[in-house]
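Asks: Below is a structure I'd like to ask you about.
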Amino acid sequence: MSKIKDLIRKNIKELIPYSSARDEFSGTGVVLLDANESPYNAPFNRYPDPVQMTLKEKISGIISTPVERIFLGNGSDEAIDLLIRIFCEPAADMIIVIDPSYGMYKVCADINNVAVDFVSLNDDFSLDSERLLAAVREETKMIFLCSPNNPSANLLGREEITRILSEFKGMVVLDEAYIDFCGTEGLLPSLGEHWNLVILRTLSKAWGLAGIRLGMALAAPEVIQYMNRVKYPYNVNYLTQAKALEMLGSSENRENWIKEILAERIKLEDRLEEIGYVLKIFPSDANFLLVRVEDPNSLYAFLNKGGVIVRNRSGLTHCEGCIRITVGTPEENIRLIELMKLYPQ
Ligand SMILES: Cc1ncc(COP(=O)(O)O)c(C=O)c1O
């Protein structure tokens with residue numbers, strides 16, 4: 001049995017997935033009377049391609065990754081949930097999540113009744129692979145890493161990640177939602193070297209498409225096959241597939257937006273530094289800044305009242321006094337700074 005198959009839950013290995021008549025037919029020019037759809041209102045009347053082949057082929061070309069290694073979902077949040085469901089036996093298996101990090105790893109684990117061990121990052125938010133590996137128990141099936149990490153905004157050390165990949169006997173999920181803002185390629189080019197690596201990517205950030213909900217998991221073909229068996233049959237709707245294909249047709253917008261956001265990030269840092277009650281701006285490899293201030297709760301409430309919504313992260317590990325600010329348009333950033341300057345100290 002393969003290492004991956006060994007880790008998959010027994011009921012998932014034995015699952016007979018839903019199959020439609022169209023999965024069983026591979027011709028063209030047919031009369032479709034199999035799925036009880038309406039014959040009217042084309043093209044919306046038809047169920048979308050359940051395996052999103054045209055879109056996957058497009059993405060495959062862009063990220064230089066074979067179609068068999070690509071899972072597409074309703075945001076990368078869907079992939080997080082599916083991975084936990086496929087690998088973790090409820091009330092028995094466990095996952096490790098770095099702390100602080102993106103909240104959905106724990107939410108999905110809780111929903112699936114899978115216990116979480118948190119392993120804190122160092123004070124400067126760097127990853128200590130030794131400490132993380134020491135926390136692995138017999139029940140630990142998966143480790144969730146996020147790089148650049150949300151909310152700390154930093155890239156995790158490549159050597160630390162690679163060490164975890166080679167020493168841990170379970171699956172390692174590396175969430176690269178913000179990778180397009182950091183100027184490096186991340187681990188995707190070495191996906192084939194690690195049997196247990198699952199990379200998460202999304203169109204919600206640099207591509208400016210959070211509203212259409214399209215995320216992906218990139219992994220060994222065997223993992224992708226299990227994800228496809230467990231997902232809802234038509235998990236990525238017709239409109240999302242069509243809009244994604246259109247937007248992926250040209251990367252010009254995306255490249256310009258990234259440049260603009262990075263330039264604005266620098267400006268925002270400079271302006272924030274001039275504000276007396278800003279105590280620290282953490283270095284960022286993402287499209288947001290983690291900023292330590294004197295009184296985050298009252299600043300958060302003040303900004304909120306003034307119509308500028310930021311994220312209060314002060315309750316998280318190593319984030320005492322911190323708010324997280326997404327880099328907006330030049331106008332939005334100016335509005336934020338103007339309001340911050342009005343804050344009574
Ligand atoms: C680290 C990280 N991963 C995933 C997501 C969600 O991505 P998606 O919109 O594809 O579900 C977010 C959203 O903020 C995030 O910060």
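Every chain in the structure tokens has a letter given in the order shown (A, B, ...), and although residue numbers restart at 1 in each chain, ligands are simply numbered from 1 in the order shown.
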Once DSSP has gone over the backbone, tell me which residues of segment 118-273 of chain A are in strand (DSSP E), as a VMD selection string.

Replies: chain A and resid 118 to 120 140 to 146 171 to 175 197 to 202 215 to 218

Asks: Name each residue within 8 Å of ligand 1, counting only C-alpha atoms and all ligand atoms, as JSON, numbers by chain.

Replies: {"A": [74, 75, 76, 77, 78, 101, 102, 104, 146, 147, 148, 149, 150, 151, 175, 176, 177, 178, 200, 201, 202, 203, 204, 205, 210, 213, 214, 215, 216]}

Asks: As a ChimeraX atom specification, please: every residue in segment 83-279 of chain A that DSSP puts in alpha helix (DSSP H).

Replies: /A:83-87,104-111,129-134,158-167,221-230,238-248,252-273

Asks: Return the single residue from A:Arg22, A:Lys10, A:Lys56, A:Arg137 that is closest to Pro90 of chain A, with distances computed using only C-alpha atoms.

Replies: A:Lys10

Asks: Write out as a compact mmCIF listing (two decimals) with N, CA and C atoms, in the first residue's frame which residues come within 6 Å of Ile323 of chain A when counting only C-alpha atoms, dropping same-chain ones fewer than 4 positions away.

Replies:
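Writing done, so here's selection-v4.txt:
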```txt
# COMPACT_ATOMS: atom_id res chain seq x y z
N LEU A 290 1.07 43.81 9.77
CA LEU A 290 0.74 43.60 11.18
C LEU A 290 1.42 44.73 11.95
N VAL A 291 0.59 45.48 12.68
CA VAL A 291 1.09 46.72 13.29
C VAL A 291 0.78 46.72 14.78
N ARG A 311 -8.47 44.62 11.09
CA ARG A 311 -8.70 43.41 11.89
C ARG A 311 -7.91 43.53 13.20
N ASN A 312 -8.61 43.39 14.31
CA ASN A 312 -7.95 43.43 15.61
C ASN A 312 -7.41 42.03 15.90
N ARG A 313 -6.10 41.89 15.92
CA ARG A 313 -5.48 40.57 16.12
C ARG A 313 -4.78 40.48 17.47
```

Asks: Atom CA of Glu24 of chain A to atom CA of Pro233 of chain A: how many Å, to one decimal?

Replies: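 Atom-to-atom, atom CA of Glu24 of chain A to atom CA of Pro233 of chain A, that is 13.9 Å.
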
Asks: Excluding Leu127 of chain A and any residue of its chain fewer than 2 positions from it, enumerate the residues within 10 Å of it, using only C-alpha atoms, and give them as a PDB file with all heavy atoms, in the first residue's frame.

Replies:
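That gives us result09.pdb:
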```pdb
ATOM      1  N   ILE A  98       0.376  25.756  13.235  1.00  0.00           N
ATOM      2  CA  ILE A  98       1.273  26.772  13.797  1.00  0.00           C
ATOM      3  C   ILE A  98       0.430  27.891  14.414  1.00  0.00           C
ATOM      4  O   ILE A  98      -0.719  28.130  14.010  1.00  0.00           O
ATOM      5  CB  ILE A  98       2.243  27.343  12.733  1.00  0.00           C
ATOM      6  CG1 ILE A  98       1.481  27.871  11.501  1.00  0.00           C
ATOM      7  CG2 ILE A  98       3.291  26.321  12.349  1.00  0.00           C
ATOM      8  CD1 ILE A  98       2.334  28.691  10.552  1.00  0.00           C
ATOM      9  N   ASP A  99       1.025  28.577  15.385  1.00  0.00           N
ATOM     10  CA  ASP A  99       0.281  29.579  16.142  1.00  0.00           C
ATOM     11  C   ASP A  99       1.128  30.847  16.285  1.00  0.00           C
ATOM     12  O   ASP A  99       2.263  30.749  16.768  1.00  0.00           O
ATOM     13  CB  ASP A  99      -0.040  28.983  17.518  1.00  0.00           C
ATOM     14  CG  ASP A  99      -0.956  29.857  18.333  1.00  0.00           C
ATOM     15  OD1 ASP A  99      -1.769  30.585  17.723  1.00  0.00           O
ATOM     16  OD2 ASP A  99      -0.866  29.809  19.580  1.00  0.00           O
ATOM     17  N   VAL A 119       1.389  24.754  17.838  1.00  0.00           N
ATOM     18  CA  VAL A 119       2.818  24.930  18.119  1.00  0.00           C
ATOM     19  C   VAL A 119       3.157  26.375  17.783  1.00  0.00           C
ATOM     20  O   VAL A 119       3.022  26.807  16.630  1.00  0.00           O
ATOM     21  CB  VAL A 119       3.683  23.967  17.280  1.00  0.00           C
ATOM     22  CG1 VAL A 119       5.164  24.256  17.496  1.00  0.00           C
ATOM     23  CG2 VAL A 119       3.369  22.521  17.648  1.00  0.00           C
ATOM     24  N   SER A 120       3.587  27.122  18.810  1.00  0.00           N
ATOM     25  CA  SER A 120       3.771  28.554  18.560  1.00  0.00           C
ATOM     26  C   SER A 120       5.020  28.806  17.715  1.00  0.00           C
ATOM     27  O   SER A 120       6.021  28.089  17.816  1.00  0.00           O
ATOM     28  CB  SER A 120       3.831  29.328  19.878  1.00  0.00           C
ATOM     29  OG  SER A 120       4.967  28.952  20.577  1.00  0.00           O
ATOM     30  N   LEU A 121       4.932  29.831  16.905  1.00  0.00           N
ATOM     31  CA  LEU A 121       6.092  30.310  16.159  1.00  0.00           C
ATOM     32  C   LEU A 121       7.023  31.003  17.161  1.00  0.00           C
ATOM     33  O   LEU A 121       6.623  31.282  18.303  1.00  0.00           O
ATOM     34  CB  LEU A 121       5.634  31.293  15.069  1.00  0.00           C
ATOM     35  CG  LEU A 121       4.746  30.670  13.977  1.00  0.00           C
ATOM     36  CD1 LEU A 121       4.160  31.760  13.073  1.00  0.00           C
ATOM     37  CD2 LEU A 121       5.526  29.665  13.121  1.00  0.00           C
ATOM     38  N   ASN A 122       8.251  31.299  16.748  1.00  0.00           N
ATOM     39  CA  ASN A 122       9.144  32.069  17.614  1.00  0.00           C
ATOM     40  C   ASN A 122       8.602  33.496  17.772  1.00  0.00           C
ATOM     41  O   ASN A 122       7.692  33.895  17.039  1.00  0.00           O
ATOM     42  CB  ASN A 122      10.548  32.103  17.013  1.00  0.00           C
ATOM     43  CG  ASN A 122      11.147  30.704  16.941  1.00  0.00           C
ATOM     44  OD1 ASN A 122      10.975  29.900  17.859  1.00  0.00           O
ATOM     45  ND2 ASN A 122      11.822  30.406  15.841  1.00  0.00           N
ATOM     46  N   ASP A 123       9.184  34.274  18.694  1.00  0.00           N
ATOM     47  CA  ASP A 123       8.724  35.657  18.931  1.00  0.00           C
ATOM     48  C   ASP A 123       8.722  36.495  17.661  1.00  0.00           C
ATOM     49  O   ASP A 123       7.904  37.392  17.490  1.00  0.00           O
ATOM     50  CB  ASP A 123       9.661  36.369  19.920  1.00  0.00           C
ATOM     51  CG  ASP A 123       9.431  35.873  21.326  1.00  0.00           C
ATOM     52  OD1 ASP A 123       8.492  35.081  21.519  1.00  0.00           O
ATOM     53  OD2 ASP A 123      10.210  36.274  22.222  1.00  0.00           O
ATOM     54  N   ASP A 124       9.699  36.224  16.769  1.00  0.00           N
ATOM     55  CA  ASP A 124       9.766  36.993  15.522  1.00  0.00           C
ATOM     56  C   ASP A 124       8.947  36.308  14.412  1.00  0.00           C
ATOM     57  O   ASP A 124       9.097  36.619  13.238  1.00  0.00           O
ATOM     58  CB  ASP A 124      11.226  37.159  15.068  1.00  0.00           C
ATOM     59  CG  ASP A 124      11.878  35.820  14.746  1.00  0.00           C
ATOM     60  OD1 ASP A 124      11.230  34.772  14.965  1.00  0.00           O
ATOM     61  OD2 ASP A 124      13.025  35.812  14.265  1.00  0.00           O
ATOM     62  N   PHE A 125       8.103  35.368  14.799  1.00  0.00           N
ATOM     63  CA  PHE A 125       7.183  34.643  13.905  1.00  0.00           C
ATOM     64  C   PHE A 125       7.889  33.660  12.967  1.00  0.00           C
ATOM     65  O   PHE A 125       7.293  33.167  12.014  1.00  0.00           O
ATOM     66  CB  PHE A 125       6.298  35.601  13.078  1.00  0.00           C
ATOM     67  CG  PHE A 125       5.388  36.451  13.918  1.00  0.00           C
ATOM     68  CD1 PHE A 125       5.542  37.830  13.956  1.00  0.00           C
ATOM     69  CD2 PHE A 125       4.371  35.883  14.660  1.00  0.00           C
ATOM     70  CE1 PHE A 125       4.696  38.625  14.731  1.00  0.00           C
ATOM     71  CE2 PHE A 125       3.514  36.665  15.442  1.00  0.00           C
ATOM     72  CZ  PHE A 125       3.683  38.037  15.469  1.00  0.00           C
ATOM     73  N   SER A 129      11.391  24.212  13.321  1.00  0.00           N
ATOM     74  CA  SER A 129      10.966  22.872  12.881  1.00  0.00           C
ATOM     75  C   SER A 129      11.202  21.833  13.972  1.00  0.00           C
ATOM     76  O   SER A 129      10.422  20.898  14.134  1.00  0.00           O
ATOM     77  CB  SER A 129      11.709  22.471  11.603  1.00  0.00           C
ATOM     78  OG  SER A 129      13.095  22.517  11.815  1.00  0.00           O
ATOM     79  N   GLU A 130      12.261  22.041  14.742  1.00  0.00           N
ATOM     80  CA  GLU A 130      12.576  21.067  15.796  1.00  0.00           C
ATOM     81  C   GLU A 130      11.453  21.013  16.832  1.00  0.00           C
ATOM     82  O   GLU A 130      10.980  19.951  17.212  1.00  0.00           O
ATOM     83  CB  GLU A 130      13.888  21.500  16.455  1.00  0.00           C
ATOM     84  CG  GLU A 130      14.322  20.532  17.512  1.00  0.00           C
ATOM     85  CD  GLU A 130      15.798  20.216  17.363  1.00  0.00           C
ATOM     86  OE1 GLU A 130      16.428  20.649  16.378  1.00  0.00           O
ATOM     87  OE2 GLU A 130      16.307  19.534  18.258  1.00  0.00           O
ATOM     88  N   ARG A 131      11.014  22.197  17.261  1.00  0.00           N
ATOM     89  CA  ARG A 131       9.943  22.264  18.274  1.00  0.00           C
ATOM     90  C   ARG A 131       8.650  21.691  17.699  1.00  0.00           C
ATOM     91  O   ARG A 131       7.914  20.982  18.368  1.00  0.00           O
ATOM     92  CB  ARG A 131       9.749  23.714  18.726  1.00  0.00           C
ATOM     93  CG  ARG A 131       8.910  23.857  19.964  1.00  0.00           C
ATOM     94  CD  ARG A 131       9.387  24.991  20.870  1.00  0.00           C
ATOM     95  NE  ARG A 131       9.685  26.204  20.142  1.00  0.00           N
ATOM     96  CZ  ARG A 131       8.773  27.091  19.756  1.00  0.00           C
ATOM     97  NH1 ARG A 131       7.506  26.876  20.013  1.00  0.00           N
ATOM     98  NH2 ARG A 131       9.130  28.176  19.114  1.00  0.00           N
ATOM     99  N   LEU A 132       8.410  21.996  16.429  1.00  0.00           N
ATOM    100  CA  LEU A 132       7.178  21.490  15.812  1.00  0.00           C
ATOM    101  C   LEU A 132       7.207  19.959  15.719  1.00  0.00           C
ATOM    102  O   LEU A 132       6.246  19.275  16.083  1.00  0.00           O
ATOM    103  CB  LEU A 132       6.972  22.125  14.438  1.00  0.00           C
ATOM    104  CG  LEU A 132       5.587  21.840  13.858  1.00  0.00           C
ATOM    105  CD1 LEU A 132       5.015  23.066  13.172  1.00  0.00           C
ATOM    106  CD2 LEU A 132       5.615  20.689  12.881  1.00  0.00           C
ATOM    107  N   LEU A 145       0.871  24.495   7.786  1.00  0.00           N
ATOM    108  CA  LEU A 145       1.795  25.633   7.766  1.00  0.00           C
ATOM    109  C   LEU A 145       1.225  26.669   6.823  1.00  0.00           C
ATOM    110  O   LEU A 145       0.475  26.327   5.889  1.00  0.00           O
ATOM    111  CB  LEU A 145       3.175  25.192   7.262  1.00  0.00           C
ATOM    112  CG  LEU A 145       3.852  24.022   7.974  1.00  0.00           C
ATOM    113  CD1 LEU A 145       5.132  23.624   7.234  1.00  0.00           C
ATOM    114  CD2 LEU A 145       4.164  24.389   9.415  1.00  0.00           C
ATOM    115  N   LEU A 155       7.250  35.183   5.393  1.00  0.00           N
ATOM    116  CA  LEU A 155       7.523  33.873   4.795  1.00  0.00           C
ATOM    117  C   LEU A 155       8.152  32.985   5.865  1.00  0.00           C
ATOM    118  O   LEU A 155       8.967  33.474   6.653  1.00  0.00           O
ATOM    119  CB  LEU A 155       8.561  34.035   3.689  1.00  0.00           C
ATOM    120  CG  LEU A 155       8.125  34.186   2.247  1.00  0.00           C
ATOM    121  CD1 LEU A 155       9.349  34.464   1.394  1.00  0.00           C
ATOM    122  CD2 LEU A 155       7.395  32.960   1.729  1.00  0.00           C
ATOM    123  N   LEU A 156       7.824  31.704   5.866  1.00  0.00           N
ATOM    124  CA  LEU A 156       8.488  30.779   6.785  1.00  0.00           C
ATOM    125  C   LEU A 156       9.766  30.281   6.114  1.00  0.00           C
ATOM    126  O   LEU A 156       9.851  30.226   4.886  1.00  0.00           O
ATOM    127  CB  LEU A 156       7.566  29.603   7.114  1.00  0.00           C
ATOM    128  CG  LEU A 156       6.212  29.958   7.750  1.00  0.00           C
ATOM    129  CD1 LEU A 156       5.422  28.693   8.056  1.00  0.00           C
ATOM    130  CD2 LEU A 156       6.389  30.793   9.018  1.00  0.00           C
ATOM    131  N   GLY A 157      10.741  29.904   6.929  1.00  0.00           N
ATOM    132  CA  GLY A 157      12.029  29.457   6.391  1.00  0.00           C
ATOM    133  C   GLY A 157      11.876  28.184   5.560  1.00  0.00           C
ATOM    134  O   GLY A 157      11.265  27.211   6.002  1.00  0.00           O
ATOM    135  N   ARG A 158      12.457  28.227   4.377  1.00  0.00           N
ATOM    136  CA  ARG A 158      12.341  27.091   3.469  1.00  0.00           C
ATOM    137  C   ARG A 158      12.981  25.820   4.041  1.00  0.00           C
ATOM    138  O   ARG A 158      12.438  24.717   3.928  1.00  0.00           O
ATOM    139  CB  ARG A 158      13.029  27.485   2.152  1.00  0.00           C
ATOM    140  CG  ARG A 158      12.592  26.666   1.000  1.00  0.00           C
ATOM    141  CD  ARG A 158      13.406  27.009  -0.227  1.00  0.00           C
ATOM    142  NE  ARG A 158      13.078  26.047  -1.250  1.00  0.00           N
ATOM    143  CZ  ARG A 158      12.112  26.225  -2.136  1.00  0.00           C
ATOM    144  NH1 ARG A 158      11.431  27.325  -2.171  1.00  0.00           N
ATOM    145  NH2 ARG A 158      11.853  25.276  -3.013  1.00  0.00           N
ATOM    146  N   GLU A 159      14.132  26.000   4.703  1.00  0.00           N
ATOM    147  CA  GLU A 159      14.808  24.818   5.273  1.00  0.00           C
ATOM    148  C   GLU A 159      13.984  24.180   6.386  1.00  0.00           C
ATOM    149  O   GLU A 159      13.956  22.957   6.533  1.00  0.00           O
ATOM    150  CB  GLU A 159      16.176  25.216   5.829  1.00  0.00           C
ATOM    151  CG  GLU A 159      17.219  25.285   4.743  1.00  0.00           C
ATOM    152  CD  GLU A 159      18.535  25.843   5.237  1.00  0.00           C
ATOM    153  OE1 GLU A 159      18.789  25.801   6.459  1.00  0.00           O
ATOM    154  OE2 GLU A 159      19.289  26.334   4.387  1.00  0.00           O
ATOM    155  N   GLU A 160      13.323  25.045   7.161  1.00  0.00           N
ATOM    156  CA  GLU A 160      12.481  24.523   8.253  1.00  0.00           C
ATOM    157  C   GLU A 160      11.317  23.721   7.668  1.00  0.00           C
ATOM    158  O   GLU A 160      10.979  22.639   8.153  1.00  0.00           O
ATOM    159  CB  GLU A 160      11.936  25.678   9.110  1.00  0.00           C
ATOM    160  CG  GLU A 160      12.976  26.591   9.710  1.00  0.00           C
ATOM    161  CD  GLU A 160      13.819  25.910  10.779  1.00  0.00           C
ATOM    162  OE1 GLU A 160      13.262  25.215  11.629  1.00  0.00           O
ATOM    163  OE2 GLU A 160      15.054  26.072  10.729  1.00  0.00           O
ATOM    164  N   ILE A 161      10.718  24.253   6.615  1.00  0.00           N
ATOM    165  CA  ILE A 161       9.583  23.562   5.987  1.00  0.00           C
ATOM    166  C   ILE A 161      10.052  22.227   5.398  1.00  0.00           C
ATOM    167  O   ILE A 161       9.416  21.185   5.579  1.00  0.00           O
ATOM    168  CB  ILE A 161       8.953  24.429   4.868  1.00  0.00           C
ATOM    169  CG1 ILE A 161       8.394  25.740   5.441  1.00  0.00           C
ATOM    170  CG2 ILE A 161       7.838  23.662   4.151  1.00  0.00           C
ATOM    171  CD1 ILE A 161       7.895  26.726   4.401  1.00  0.00           C
TER     172      ILE A 161
END
```

Asks: Would you kindly return, as a list in words, each protein, DNA or RNA residue with an atom no farther than 10 Å from any atom of Ser64 of chain A, considering only C-alpha atoms and excluding same-chain residues fewer than 6 positions away?

Replies: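 Residues near the query, excluding close chain neighbours: Lys58, Leu188 and Pro189 of chain A.
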
Asks: Just to be explicit: take each residue in the selection above, keep all heavy atoms, and write the result as a PDB file, in the first residue's frame.

Replies:
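Heads up, here's the output in result.pdb:
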```
ATOM      1  N   LYS A  58      -5.988  25.287 -18.171  1.00  0.00           N
ATOM      2  CA  LYS A  58      -5.501  26.682 -18.191  1.00  0.00           C
ATOM      3  C   LYS A  58      -4.557  26.931 -17.003  1.00  0.00           C
ATOM      4  O   LYS A  58      -3.453  27.470 -17.154  1.00  0.00           O
ATOM      5  CB  LYS A  58      -6.714  27.615 -18.106  1.00  0.00           C
ATOM      6  CG  LYS A  58      -6.407  29.053 -18.211  1.00  0.00           C
ATOM      7  CD  LYS A  58      -6.443  29.489 -19.635  1.00  0.00           C
ATOM      8  CE  LYS A  58      -5.585  30.674 -19.867  1.00  0.00           C
ATOM      9  NZ  LYS A  58      -5.391  30.943 -21.279  1.00  0.00           N
ATOM     10  N   LEU A 188       6.094  25.277  -4.817  1.00  0.00           N
ATOM     11  CA  LEU A 188       5.446  24.576  -5.933  1.00  0.00           C
ATOM     12  C   LEU A 188       6.436  23.903  -6.887  1.00  0.00           C
ATOM     13  O   LEU A 188       6.204  22.747  -7.272  1.00  0.00           O
ATOM     14  CB  LEU A 188       4.509  25.541  -6.674  1.00  0.00           C
ATOM     15  CG  LEU A 188       3.546  24.911  -7.664  1.00  0.00           C
ATOM     16  CD1 LEU A 188       2.761  23.764  -7.039  1.00  0.00           C
ATOM     17  CD2 LEU A 188       2.602  25.954  -8.229  1.00  0.00           C
ATOM     18  N   PRO A 189       7.557  24.565  -7.264  1.00  0.00           N
ATOM     19  CA  PRO A 189       8.479  23.898  -8.186  1.00  0.00           C
ATOM     20  C   PRO A 189       9.035  22.577  -7.624  1.00  0.00           C
ATOM     21  O   PRO A 189       9.445  21.719  -8.385  1.00  0.00           O
ATOM     22  CB  PRO A 189       9.607  24.928  -8.371  1.00  0.00           C
ATOM     23  CG  PRO A 189       8.975  26.236  -8.043  1.00  0.00           C
ATOM     24  CD  PRO A 189       7.964  25.943  -6.977  1.00  0.00           C
TER      25      PRO A 189
END
```

Asks: Which of these residues is nearest to Lys259 of chain A, using only C-alpha atoms: A:Ser152, A:Ser126, A:Asn287, A:Asn113?

Replies: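 The answer is A:Asn287, which sits nearest to Lys259 of chain A.
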
Asks: Rounded to one decimal place, report the atom CA of Ile199 of chain A-atom CA of Glu246 of chain A distance in Å.

Replies: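 Atom CA of Glu246 of chain A lies at a distance of 23.8 Å from atom CA of Ile199 of chain A.
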